[in-house]
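Heads up: the structure comes next, in structure tokens.
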Amino acid sequence: MQYNRKNPFPAPYCGNYRLNGDGSAKDTRHVIFSIKGSGMSYDCGDSLGVAPKNCPEMTRLLLETLGIDGDAPWTDDSGTTSVYEKLLSDFNISKVSKKFINWAARKGNYPQLEEVAADKQAMIELTEDRDIIDFLAKFPLQDVTVEELFEQLGKLQPRLYSIASSPRKHPDEIHLTVGVVTLEVDGRMRKGVCSTYLADRIADQETVPTFVQATKTFRLPDDGDTPIIMIGPGTGIAPFIAFLQDREATGSKGENWLFFGDQHEATDFLYREQLEGWKKSGLLTRLDTAFSRDQAEKIYVQNRMFEHGAEIWNWLEKGAVFYVCGDAKRMAVDVDNMLKKIIQEFGRVPLEQVEDYMKNLKSDHRYLRDVY
Ligand SMILES: Cc1cc2nc3c(=O)[nH]c(=O)nc-3n(C[C@H](O)[C@H](O)[C@H](O)COP(=O)(O)OP(=O)(O)OC[C@H]3O[C@@H](n4cnc5c(N)ncnc54)[C@H](O)[C@@H]3O)c2cc1C
Ligand SMILES: NC(=O)c1ccc[n+]([C@@H]2O[C@H](COP(=O)([O-])OP(=O)(O)OC[C@H]3O[C@@H](n4cnc5c(N)ncnc54)[C@H](OP(=O)(O)O)[C@@H]3O)[C@@H](O)[C@H]2O)c1
């Protein structure tokens, strides 16, 4: 059986454990699924697509707000279930879309909403970090039928997670490193749909629709002797756990250098025991950490890169592949700039040739990113 986004595999959930220590401001989980007997295969660098369910309280609150009976039966092409179950599993009830706002403008006779929907900035102001329940509190709607509601809501989309296991070590399992997204807005806790589902709302052995999203380029080098540099702060560590497990399993001789960072060493040094064990065994040639909030000044992975700039340049010149995983908006941009600075300062590459050096790294598949 070929499993994919349209035909996901119901993977038995094997549980999760928290990677942060007590007192941490963060909640990062190591999550495990079984793929035993599925015929589903994966490789290091791939991601797992997970189809989540909404939060039950929020689903009930939405039905209550609209005066819709959640226990009523609902029948469509996929069979008969309750309105509540359908809303829980199939529809996006967190993000308010343009389509929904335009419909609410007509349904509730709110002409000002049509102007909002036509103005990008006004849309951001109305919807950023706000869900449909917030929207309905501002713009109440009467006499909404289930059919109308389902017609206006978008589909609940699967989320992707970088796989944190090697099939050579865990052929029957897929492991993930999930940052649990929660934020408080106007006194009500908002929960990221999939990260909180993975952390708290799946019973043991319950199955979850999943599929492997193969990477096109984010792979270990074919030659196990090639050195690799991995920049993976926060959940960005995930694929590098897979890479290191894989290089350990294959007995690859290539050098491995990992940069990891998070808020506090005492509580947020994810996979500390494993990483320090690999440092001790020699699998990790180098392990450099940046704990951003353990001192007055922020220290990030790119600061550590600069401290070891001459060595990074040496590794690049001996053919190392440079990998980055994690936050796209800030970290990956700053790491990119730091890499350029290192090439210029430590490699003595003239500024006007730095872009060419970077282009060559990319075209040689030696600068690879998995950022989100
Ligand atoms: C290729 C790829 C690989 C990924 N790998 C991983 C991984 O290994 N581990 C991992 O944890 N995630 C990973 N992600 C991100 C993941 O797919 C989800 O986007 C993330 O878990 C949030 O989804 P959610 O359903 O919990 O939140 P949603 O319900 O989608 O809500 C997120 C909303 O909360 C807001 N928000 C506020 N604070 C945060 C915050 N700290 N983080 C995110 N959103 C915030 C955002 O504006 C966003 O609108 C990856 C994404 C991609 C595309
Ligand atoms: N949408 C949002 O508002 C939002 C916010 C945060 C994270 N995210 C998402 O959360 C996921 C990763 O989160 P995570 O908790 O695993 O890790 P993270 O938020 O990326 O944090 C990991 C470490 O990176 C540090 N960091 C912050 N800015 C950085 C920068 N410019 N350069 C280098 N390091 C930087 C953090 O320091 P400090 O925390 O001390 O600054 C922390 O020590 C990604 O999906 C990311 O996009 C989204």
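Ordering of the structure tokens sets the chain letters (A, B, ...), residue numbers begin anew at 1 in every chain, and ligands are numbered from 1 in the order given.
Contact shell of Gly234 of chain A at 9 Å (only C-alpha atoms; same-chain neighbours under 2 positions omitted): Thr28, Gly179, Gly232, Gly236, Ile237, Ala238, Phe260, Gly261, Asp262, Gln263, Asp268, Phe269, Leu270, Gly326 and Asp327 of chain A.
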Can you write just those residues out, C-alpha atoms, as a compact mmCIF listing (two decimals), in the first residue's frame?
```
# COMPACT_ATOMS: atom_id res chain seq x y z
CA THR A 28 9.31 20.40 23.76
CA GLY A 179 7.72 22.40 20.22
CA GLY A 232 20.12 23.07 14.93
CA GLY A 236 15.95 22.37 14.75
CA ILE A 237 17.93 19.58 16.45
CA ALA A 238 15.42 16.96 15.17
CA PHE A 260 22.85 23.54 19.44
CA GLY A 261 21.15 26.40 21.29
CA ASP A 262 18.14 27.12 23.43
CA GLN A 263 17.16 29.31 26.37
CA ASP A 268 16.56 23.32 27.72
CA PHE A 269 19.60 21.31 26.65
CA LEU A 270 17.48 18.93 24.57
CA GLY A 326 14.77 25.36 12.72
CA ASP A 327 13.29 28.84 12.79
```
Checklist entry - Given a cut-off of 10 Å, what residues near ligand 2 show up using only C-alpha atoms and all ligand atoms, put as a PyMOL selection string? => result chain A and resi 25-28+129+161+177-181+183+231-238+260-265+268-270+289-294+297-303+325-336+371-372
Next on the checklist: Which residues are close to segment 116-124 of chain A, i.e. within 7 Å by only C-alpha atoms, leaving aside same-chain residues fewer than 2 positions away? Reply as a list in words.
Outcome noted: Lys98, Ile101, Asn102, Gln112, Leu113, Glu114, Leu126, Thr127 and Glu128 of chain A
Generate a file of the selected residues that holds C-alpha atoms, formatted as a PDB file, in the first residue's frame.
```
ATOM      1  CA  LYS A  98     -10.966  35.966   4.037  1.00  0.00           C
ATOM      2  CA  ILE A 101     -15.045  37.208   6.826  1.00  0.00           C
ATOM      3  CA  ASN A 102     -16.753  38.014   3.521  1.00  0.00           C
ATOM      4  CA  GLN A 112     -17.267  47.155   7.460  1.00  0.00           C
ATOM      5  CA  LEU A 113     -16.027  43.558   7.261  1.00  0.00           C
ATOM      6  CA  GLU A 114     -15.946  43.687   3.463  1.00  0.00           C
ATOM      7  CA  LEU A 126      -8.244  41.457  12.920  1.00  0.00           C
ATOM      8  CA  THR A 127      -7.007  37.870  12.622  1.00  0.00           C
ATOM      9  CA  GLU A 128      -3.416  37.639  13.909  1.00  0.00           C
TER      10      GLU A 128
END
```
Checklist entry - DSSP on the backbone: what in segment 84-312 of chain A comes out helix (DSSP H, G or I), as a PyMOL selection string? => result chain A and resi 84-90+98-107+111-117+120-127+132-138+146-152+193-200+234-250+265-268+272-281+301-307+309-312
Same residues, C-alpha atoms, saved as an mmCIF file, in the first residue's frame:
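Written output follows (selection_35.cif):
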```cif
data_model
loop_
_atom_site.group_PDB
_atom_site.id
_atom_site.type_symbol
_atom_site.label_atom_id
_atom_site.label_comp_id
_atom_site.auth_asym_id
_atom_site.auth_seq_id
_atom_site.Cartn_x
_atom_site.Cartn_y
_atom_site.Cartn_z
ATOM 1 C CA TYR A 84 -19.140 17.626 16.755
ATOM 2 C CA GLU A 85 -16.871 14.825 15.493
ATOM 3 C CA LYS A 86 -16.872 16.253 11.983
ATOM 4 C CA LEU A 87 -15.900 19.708 13.237
ATOM 5 C CA LEU A 88 -13.261 18.218 15.547
ATOM 6 C CA SER A 89 -11.474 16.277 12.788
ATOM 7 C CA ASP A 90 -12.052 18.044 9.506
ATOM 8 C CA LYS A 98 -10.966 35.966 4.037
ATOM 9 C CA LYS A 99 -13.778 33.750 2.738
ATOM 10 C CA PHE A 100 -15.233 33.437 6.244
ATOM 11 C CA ILE A 101 -15.045 37.208 6.826
ATOM 12 C CA ASN A 102 -16.753 38.014 3.521
ATOM 13 C CA TRP A 103 -19.514 35.529 4.314
ATOM 14 C CA ALA A 104 -19.912 36.931 7.875
ATOM 15 C CA ALA A 105 -20.175 40.426 6.369
ATOM 16 C CA ARG A 106 -23.232 39.329 4.366
ATOM 17 C CA LYS A 107 -24.728 36.965 6.938
ATOM 18 C CA PRO A 111 -20.475 46.036 5.697
ATOM 19 C CA GLN A 112 -17.267 47.155 7.460
ATOM 20 C CA LEU A 113 -16.027 43.558 7.261
ATOM 21 C CA GLU A 114 -15.946 43.687 3.463
ATOM 22 C CA GLU A 115 -13.505 46.583 3.744
ATOM 23 C CA VAL A 116 -11.383 44.600 6.202
ATOM 24 C CA ALA A 117 -11.293 41.586 3.873
ATOM 25 C CA LYS A 120 -4.225 43.130 3.851
ATOM 26 C CA GLN A 121 -3.090 45.111 6.897
ATOM 27 C CA ALA A 122 -6.616 45.297 8.365
ATOM 28 C CA MET A 123 -6.941 41.523 7.870
ATOM 29 C CA ILE A 124 -3.722 40.941 9.821
ATOM 30 C CA GLU A 125 -4.891 43.243 12.637
ATOM 31 C CA LEU A 126 -8.244 41.457 12.920
ATOM 32 C CA THR A 127 -7.007 37.870 12.622
ATOM 33 C CA ILE A 132 -12.999 32.137 15.084
ATOM 34 C CA ILE A 133 -14.396 32.384 18.615
ATOM 35 C CA ASP A 134 -12.685 35.783 19.062
ATOM 36 C CA PHE A 135 -14.103 36.858 15.724
ATOM 37 C CA LEU A 136 -17.652 35.794 16.639
ATOM 38 C CA ALA A 137 -17.416 37.628 19.950
ATOM 39 C CA LYS A 138 -16.799 40.823 17.962
ATOM 40 C CA VAL A 146 -24.316 23.437 10.112
ATOM 41 C CA GLU A 147 -24.273 23.305 6.309
ATOM 42 C CA GLU A 148 -23.466 27.003 6.115
ATOM 43 C CA LEU A 149 -20.741 26.718 8.735
ATOM 44 C CA PHE A 150 -19.035 23.753 7.062
ATOM 45 C CA GLU A 151 -19.261 25.511 3.691
ATOM 46 C CA GLN A 152 -17.359 28.523 5.051
ATOM 47 C CA VAL A 193 -3.677 22.674 16.926
ATOM 48 C CA CYS A 194 -1.200 19.935 16.047
ATOM 49 C CA SER A 195 1.584 20.507 18.578
ATOM 50 C CA THR A 196 -0.859 20.394 21.527
ATOM 51 C CA TYR A 197 -2.658 17.426 19.941
ATOM 52 C CA LEU A 198 0.647 15.511 19.758
ATOM 53 C CA ALA A 199 1.602 16.552 23.284
ATOM 54 C CA ASP A 200 -1.649 15.994 25.171
ATOM 55 C CA GLY A 234 15.553 24.408 19.514
ATOM 56 C CA THR A 235 13.446 21.897 17.590
ATOM 57 C CA GLY A 236 15.950 22.367 14.750
ATOM 58 C CA ILE A 237 17.930 19.582 16.450
ATOM 59 C CA ALA A 238 15.418 16.965 15.172
ATOM 60 C CA PRO A 239 16.955 15.872 11.836
ATOM 61 C CA PHE A 240 20.439 15.931 13.325
ATOM 62 C CA ILE A 241 19.475 13.305 15.896
ATOM 63 C CA ALA A 242 18.487 11.214 12.870
ATOM 64 C CA PHE A 243 21.722 12.024 11.004
ATOM 65 C CA LEU A 244 23.896 11.109 13.996
ATOM 66 C CA GLN A 245 21.992 7.876 14.690
ATOM 67 C CA ASP A 246 22.479 7.011 11.031
ATOM 68 C CA ARG A 247 26.194 7.778 10.917
ATOM 69 C CA GLU A 248 26.612 5.753 14.105
ATOM 70 C CA ALA A 249 24.695 2.817 12.614
ATOM 71 C CA THR A 250 26.684 2.847 9.364
ATOM 72 C CA GLU A 265 21.414 25.035 29.812
ATOM 73 C CA ALA A 266 19.837 23.652 33.007
ATOM 74 C CA THR A 267 16.380 23.066 31.510
ATOM 75 C CA ASP A 268 16.560 23.321 27.715
ATOM 76 C CA ARG A 272 21.811 16.393 26.486
ATOM 77 C CA GLU A 273 22.702 12.889 27.632
ATOM 78 C CA GLN A 274 22.585 11.515 24.119
ATOM 79 C CA LEU A 275 24.650 14.363 22.654
ATOM 80 C CA GLU A 276 27.269 14.323 25.404
ATOM 81 C CA GLY A 277 27.462 10.535 25.020
ATOM 82 C CA TRP A 278 28.128 10.961 21.309
ATOM 83 C CA LYS A 279 30.780 13.593 22.099
ATOM 84 C CA LYS A 280 32.438 11.143 24.471
ATOM 85 C CA SER A 281 32.283 8.243 22.013
ATOM 86 C CA VAL A 301 24.454 29.680 17.661
ATOM 87 C CA GLN A 302 25.810 32.217 15.147
ATOM 88 C CA ASN A 303 27.939 33.811 17.912
ATOM 89 C CA ARG A 304 29.491 30.399 18.544
ATOM 90 C CA MET A 305 30.012 29.990 14.798
ATOM 91 C CA PHE A 306 31.988 33.233 14.751
ATOM 92 C CA GLU A 307 34.105 32.188 17.751
ATOM 93 C CA GLY A 309 35.098 30.839 12.378
ATOM 94 C CA ALA A 310 38.622 29.762 11.390
ATOM 95 C CA GLU A 311 37.757 26.116 12.066
ATOM 96 C CA ILE A 312 34.459 26.360 10.181
#
```
Item to check | Nearest to Met40 of chain A by atom-to-atom distance, counting only C-alpha atoms, from A:Gln344, A:Thr210, A:Ser97, A:Thr81 | outcome: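 Among A:Gln344, A:Thr210, A:Ser97, A:Thr81, it is A:Thr210 that comes nearest to Met40 of chain A.
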Checklist entry - How would you write, as a PyMOL selection string, the set of residues in segment 43-253 of chain A that DSSP gives as strand (DSSP E or B)? => result chain A and resi 47-50+73-76+79-82+91+155+159-163+173-179+182-185+188-191+207-213+228-231
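Nearest-residue note for ligand 1: choosing from A:Ser34, A:Ser24, A:Asn54, A:Asn16, the minimum distance belongs to A:Asn54, counting only C-alpha atoms and all ligand atoms.
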Checklist entry - Between A:Ser38, A:Asp223, A:Ser47, A:Leu316, which is the closest to Ile343 of chain A once you count only C-alpha atoms? => result A:Leu316
Checklist entry - Of the residues A:Leu258, A:Val324, A:Ile229, A:Ala11, which is the one nearest to ligand 1, using only C-alpha atoms and all ligand atoms? => result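 With only C-alpha atoms and all ligand atoms as the atom set, the closest residue is A:Val324.
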Item to check | 8 Å contact set for Tyr13 of chain A, only C-alpha atoms, chain neighbours under 4 positions out, as a list in words | outcome: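 Those residues are Ile32, Phe33, Ser34, Ile202, Ala203, Asp204, Gln205, Glu206, Thr207 and Val208 of chain A.
Nearest residue to Gly192 of chain A, choosing from A:Cys55, A:Leu66, A:Leu176, A:Leu160 and counting only C-alpha atoms: A:Cys55.
Going from atom CA of Tyr357 of chain A to atom CA of Thr285 of chain A covers 25.2 Å.
The interatomic distance for the pair atom CA of Ser78 of chain A and atom CA of Phe9 of chain A works out to 16.7 Å.
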Checklist entry - Pick the closest to ligand 1 from A:Gly79, A:Gly108, A:Gly37, A:Gly49: which is it, counting only C-alpha atoms and all ligand atoms? => result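 Looking at the shortest contact to ligand 1, the residue is A:Gly49.
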